[in-house]
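Student: Before anything else, here's the structure in question.
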Amino acid sequence: MTPVDLSAPCYHDENAARKHLEAIRWPDGKPTCPLCGSLDKARPLNGKSMGPGWYYCEACQDKFTVRTGTVYERSHIPLHKWLLAFRLMASSKKGISAHQLMRTLDLGSYRTAWFMAHRVREAMRDTDPTPLGGKDKIVEADETFFGKADIPSTFKTGEGWVKPKAYDSKMKVLTLVERGGKARSVRIASLTQGDIRKHLVTKASRESHLHTDEASHYVKLGREFASHETVNHSEFEWKRGDVSTHAVEGYFSLFKRGMRGIYQHCSEAHLDRYLNEFDFRYSNRSALGVEDAERTTRAVKGAAGKRLLYQGTRKTKVA
């Protein structure tokens, strides 16, 4: 992680932080109303009672600030602390724990830091519908197991309470990596062809060359792509020419080191947001020419148009 320059005004001065966020959200200097989307209809409200940073939209006749319509709307946390949280999470290769955020930002409570981190992860969520890969490009696909799924024991007559099998008791993650490009990960219910296909063919272009391991569920699915090459890990084959799954395995290496070493525990209800975080950093990594400052700016831009309420962090549905 590149050391953050804490002397920068935007990290300790509220007015400087507000201006920095406004410059990111409205780079042309003309605020766009996040309530109705009107352009050139907003004017600043300079009244002392409301403080700086308020605007009035003449189109919808309502007031807004740079916080409106973002993950930090209605938050009581100062903007300069939000900016520092974005910088820390965007530049920490394996993540930063909620306890560390709480101490660094002096937030006062673990719950505040935990919810703040989840809102930053929501800002990092990729909303680009463009599939990975394309003509003459390689997409690697693989799956991994992590933690424990929220599957209760079942009662069977004559057997009593039966615990789920080891395979079922693990959370399952499917990750696609465009070689030399982005990554997209999703939590899946099982490793059946049906569950994998609905993500594989929507998140990756079928004009791509698909590279996987020897898993049988890819045999039929691979026929839908320009080509399908495999490496046989059971026979200790890791690479054959340019055929490999090194990129997606490298992603899993970072993901598991971060989840086990930094976050240590993750319930099934929150796994998707952690995947958002690791996907974002991988897709905006230094190897692609994106350094910490630009990565932070991209994360802040992603905060617009998204909201996450505390109750919304409790979702459990598997994709």
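Here, A, B, ... name the chains of the structure tokens in the order displayed, residue numbers run from 1 inside each chain, and ligands are numbered from 1 in the same displayed order.
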I'd like the contact shell of Gly95 in chain A - 7 Å cut-off, only C-alpha atoms, skipping same-chain residues fewer than 2 positions apart - returned as a list in words.

Tutor: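 Listing them by chain and then by number gives Met89, Ser92, Lys93, Ser97, Gly258 and Ile262 of chain A.
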
Student: Just list as a list in words whatever in range 26-114 of chain A DSSP marks as strand (DSSP E).

Tutor: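 Output for range 26-114 of chain A, strand (DSSP E) only: Ala42, Arg43, Pro44, Tyr55, Tyr56, Cys57, Asp62, Lys63 and Phe64 of chain A.
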
Student: With N, CA and C atoms retained, export the selected residues as an mmCIF file, in the first residue's frame.

Tutor:
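Contents of selection.cif, as written:
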data_model
loop_
_atom_site.group_PDB
_atom_site.id
_atom_site.type_symbol
_atom_site.label_atom_id
_atom_site.label_comp_id
_atom_site.auth_asym_id
_atom_site.auth_seq_id
_atom_site.Cartn_x
_atom_site.Cartn_y
_atom_site.Cartn_z
ATOM 1 N N ALA A 42 -29.006 24.566 -11.327
ATOM 2 C CA ALA A 42 -28.649 24.638 -9.907
ATOM 3 C C ALA A 42 -27.867 25.906 -9.618
ATOM 4 N N ARG A 43 -28.162 26.501 -8.476
ATOM 5 C CA ARG A 43 -27.414 27.682 -8.030
ATOM 6 C C ARG A 43 -27.051 27.480 -6.558
ATOM 7 N N PRO A 44 -25.903 28.001 -6.154
ATOM 8 C CA PRO A 44 -25.471 27.807 -4.761
ATOM 9 C C PRO A 44 -26.333 28.611 -3.792
ATOM 10 N N TYR A 55 -26.986 23.552 -2.678
ATOM 11 C CA TYR A 55 -27.426 24.072 -3.965
ATOM 12 C C TYR A 55 -28.946 23.967 -4.062
ATOM 13 N N TYR A 56 -29.496 24.864 -4.851
ATOM 14 C CA TYR A 56 -30.950 24.864 -5.075
ATOM 15 C C TYR A 56 -31.207 24.631 -6.558
ATOM 16 N N CYS A 57 -32.061 23.630 -6.853
ATOM 17 C CA CYS A 57 -32.401 23.321 -8.245
ATOM 18 C C CYS A 57 -33.694 24.035 -8.607
ATOM 19 N N ASP A 62 -35.835 21.912 -5.265
ATOM 20 C CA ASP A 62 -35.369 21.198 -4.081
ATOM 21 C C ASP A 62 -33.891 21.484 -3.870
ATOM 22 N N LYS A 63 -33.409 21.167 -2.681
ATOM 23 C CA LYS A 63 -32.030 21.437 -2.309
ATOM 24 C C LYS A 63 -31.213 20.150 -2.307
ATOM 25 N N PHE A 64 -29.911 20.291 -2.562
ATOM 26 C CA PHE A 64 -29.026 19.128 -2.546
ATOM 27 C C PHE A 64 -27.600 19.552 -2.241
#

Student: With only C-alpha atoms counted and 8 Å as the cut-off, give the residues of range 190-249 of chain A in contact with range 175-179 of chain A, each with its shortest interatomic distance in Å and the pair that gives it, as CSV.

Tutor:
residue,atom,partner,partner_atom,distance
A:Leu200,CA,A:Leu176,CA,7.7
A:Lys203,CA,A:Leu176,CA,7.8
A:Ala204,CA,A:Leu176,CA,7.6
A:Ala247,CA,A:Arg179,CA,6.5
A:Val248,CA,A:Val177,CA,5.7

Student: Export N, CA and C atoms of the chosen residues as a CSV table (one decimal), in the first residue's frame?

Tutor:
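File written: again18.csv
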chain,number,residue,atom,x,y,z
A,200,LEU,N,-21.5,-17.2,-16.7
A,200,LEU,CA,-20.4,-17.3,-17.7
A,200,LEU,C,-20.7,-16.6,-19.0
A,203,LYS,N,-21.4,-12.6,-18.4
A,203,LYS,CA,-20.2,-11.8,-17.9
A,203,LYS,C,-19.0,-11.9,-18.8
A,204,ALA,N,-19.1,-12.8,-19.8
A,204,ALA,CA,-17.9,-13.0,-20.7
A,204,ALA,C,-18.5,-13.1,-22.1
A,247,ALA,N,-3.9,-16.3,-14.2
A,247,ALA,CA,-4.5,-15.0,-13.9
A,247,ALA,C,-5.6,-15.2,-12.8
A,248,VAL,N,-6.5,-16.1,-13.1
A,248,VAL,CA,-7.6,-16.3,-12.1
A,248,VAL,C,-7.1,-16.9,-10.8

Student: Select, from A:Glu14, A:Glu291, A:Asp142, A:Asp126, the residue with the minimum atom-to-atom distance to Ile196 in chain A, counting only C-alpha atoms.

Tutor: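 Nearest candidate to Ile196 in chain A out of A:Glu14, A:Glu291, A:Asp142, A:Asp126: A:Asp142.
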
Student: Identify, on the basis of only C-alpha atoms, every residue whose closest approach to Leu191 in chain A does not exceed 12 Å; exclude the query and any residue fewer than 2 positions from it along the same chain; express the result as a PyMOL selection string.

Tutor: chain A and resi 142-145+167-168+170-174+187-189+193-200+215-218

Student: Mind writing the picked residues with N, CA and C atoms as a CSV table (one decimal), in the first residue's frame?

Tutor:
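again-v7.csv, written as the output of this step:
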chain,number,residue,atom,x,y,z
A,142,ASP,N,-12.6,-19.9,-13.3
A,142,ASP,CA,-12.4,-20.9,-12.2
A,142,ASP,C,-13.3,-20.7,-11.0
A,143,GLU,N,-13.3,-21.6,-10.2
A,143,GLU,CA,-14.2,-21.5,-9.0
A,143,GLU,C,-13.3,-21.9,-7.7
A,144,THR,N,-13.8,-21.3,-6.6
A,144,THR,CA,-13.1,-21.7,-5.4
A,144,THR,C,-14.1,-21.8,-4.2
A,145,PHE,N,-13.7,-22.4,-3.1
A,145,PHE,CA,-14.5,-22.5,-2.0
A,145,PHE,C,-13.9,-21.6,-0.9
A,167,TYR,N,-18.9,-30.4,0.8
A,167,TYR,CA,-19.0,-29.7,-0.4
A,167,TYR,C,-20.1,-28.6,-0.3
A,168,ASP,N,-21.2,-29.0,0.3
A,168,ASP,CA,-22.3,-28.1,0.5
A,168,ASP,C,-22.1,-27.0,1.5
A,170,LYS,N,-19.5,-25.2,2.2
A,170,LYS,CA,-18.6,-24.1,1.8
A,170,LYS,C,-19.3,-23.1,0.9
A,171,MET,N,-19.0,-21.9,1.0
A,171,MET,CA,-19.4,-20.9,0.1
A,171,MET,C,-18.7,-21.0,-1.2
A,172,LYS,N,-19.3,-20.9,-2.4
A,172,LYS,CA,-18.7,-21.1,-3.7
A,172,LYS,C,-18.7,-19.8,-4.5
A,173,VAL,N,-17.5,-19.6,-5.1
A,173,VAL,CA,-17.3,-18.3,-5.8
A,173,VAL,C,-16.8,-18.7,-7.2
A,174,LEU,N,-17.4,-18.1,-8.2
A,174,LEU,CA,-17.0,-18.2,-9.6
A,174,LEU,C,-16.4,-16.9,-10.0
A,187,ARG,N,-20.9,-15.0,-6.2
A,187,ARG,CA,-21.2,-16.1,-5.3
A,187,ARG,C,-22.3,-17.0,-6.0
A,188,ILE,N,-22.1,-18.3,-6.1
A,188,ILE,CA,-23.0,-19.2,-6.7
A,188,ILE,C,-23.5,-20.3,-5.8
A,189,ALA,N,-24.7,-20.8,-6.1
A,189,ALA,CA,-25.3,-21.8,-5.2
A,189,ALA,C,-24.6,-23.2,-5.3
A,193,GLN,N,-23.7,-27.1,-14.2
A,193,GLN,CA,-23.6,-26.4,-15.4
A,193,GLN,C,-24.6,-25.2,-15.5
A,194,GLY,N,-25.8,-25.4,-15.0
A,194,GLY,CA,-26.9,-24.4,-15.0
A,194,GLY,C,-26.5,-23.2,-14.2
A,195,ASP,N,-26.0,-23.3,-13.0
A,195,ASP,CA,-25.6,-22.2,-12.2
A,195,ASP,C,-24.4,-21.5,-12.7
A,196,ILE,N,-23.5,-22.2,-13.3
A,196,ILE,CA,-22.3,-21.6,-13.8
A,196,ILE,C,-22.6,-20.9,-15.2
A,197,ARG,N,-23.4,-21.5,-16.0
A,197,ARG,CA,-23.6,-20.9,-17.3
A,197,ARG,C,-24.3,-19.6,-17.3
A,198,LYS,N,-25.3,-19.4,-16.4
A,198,LYS,CA,-26.0,-18.1,-16.4
A,198,LYS,C,-25.1,-16.9,-16.1
A,199,HIS,N,-24.0,-17.2,-15.5
A,199,HIS,CA,-23.0,-16.1,-15.2
A,199,HIS,C,-21.9,-16.1,-16.3
A,200,LEU,N,-21.5,-17.2,-16.7
A,200,LEU,CA,-20.4,-17.3,-17.7
A,200,LEU,C,-20.7,-16.6,-19.0
A,215,ALA,N,-12.3,-29.4,-15.1
A,215,ALA,CA,-13.6,-29.6,-14.5
A,215,ALA,C,-14.6,-30.0,-15.6
A,216,SER,N,-15.4,-31.0,-15.3
A,216,SER,CA,-16.4,-31.5,-16.3
A,216,SER,C,-17.5,-30.5,-16.6
A,217,HIS,N,-17.8,-29.6,-15.7
A,217,HIS,CA,-18.9,-28.7,-16.0
A,217,HIS,C,-18.6,-27.7,-17.0
A,218,TYR,N,-17.3,-27.6,-17.4
A,218,TYR,CA,-16.9,-26.6,-18.5
A,218,TYR,C,-16.9,-27.2,-19.9

Student: What is the CA of Ser49 in chain A to CA of Ala85 in chain A distance in Å?

Tutor: 28.7 Å

Student: Considering only C-alpha atoms, return as a list in words whatever protein or nucleic-acid residues lie within 7 Å of range 278-290 of chain A, sequence-local ones (same chain, fewer than 2 positions apart) excluded.

Tutor: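 The neighbour list is Ala90, Met124, Gly181, Lys182, Ala183, Arg184, Ser185, Phe255, Tyr274, Leu275, Asn276, Asp292, Glu294 and Arg295 of chain A.
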
Student: Of the candidates A:Arg25, A:Arg121, A:Lys41, A:Arg103, which one gets nearest to Thr68 in chain A if we count only C-alpha atoms?

Tutor: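 Of A:Arg25, A:Arg121, A:Lys41, A:Arg103, the one nearest Thr68 in chain A is A:Arg25, counting only C-alpha atoms.
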
Student: Among the residues of range 97-310 of chain A, find those DSSP assigns to alpha helix (DSSP H) from the backbone and print them as a PyMOL selection string.

Tutor: chain A and resi 98-105+110-124+193-203+217-221+246-258+271-283+292-301

Student: In Å, rounded to a single decimal, give me how far CA of Val243 in chain A is from CA of Lys220 in chain A.

Tutor: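 Computing the Euclidean distance for CA of Lys220 in chain A and CA of Val243 in chain A yields 18.4 Å.
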
Student: Find the residues around Gly261 in chain A up to 9 Å (only C-alpha atoms counted), leave out those fewer than 4 positions away in its own chain, and share them as a list in words.

Tutor: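 Once the adjacent positions are removed, what remains is Lys94, Lys256 and Arg257 of chain A.
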
Student: Could you list, as an NGL selection string, every residue within 12 Å of Gln100 in chain A, counting only C-alpha atoms and ignoring same-chain residues fewer than 6 positions away?

Tutor: :A and (85 or 88-89 or 92 or 106-110 or 113-114 or 117 or 262-263)

Student: Restricted to C-alpha atoms, what would the selected residues look like written as a tab-separated table (two decimals), in the first residue's frame?

Tutor:
chain	number	residue	atom	x	y	z
A	85	ALA	CA	-11.67	5.75	4.01
A	88	LEU	CA	-7.29	3.49	2.44
A	89	MET	CA	-9.61	0.84	0.99
A	92	SER	CA	-4.75	-1.54	0.51
A	106	ASP	CA	-11.35	7.89	15.08
A	107	LEU	CA	-14.93	6.83	14.34
A	108	GLY	CA	-15.89	5.92	17.88
A	109	SER	CA	-17.57	2.57	17.26
A	110	TYR	CA	-16.90	-0.63	15.37
A	113	ALA	CA	-16.66	1.60	10.72
A	114	TRP	CA	-18.15	-1.73	9.59
A	117	ALA	CA	-16.62	-0.07	4.83
A	262	ILE	CA	-7.31	-9.12	7.17
A	263	TYR	CA	-11.03	-9.80	7.47
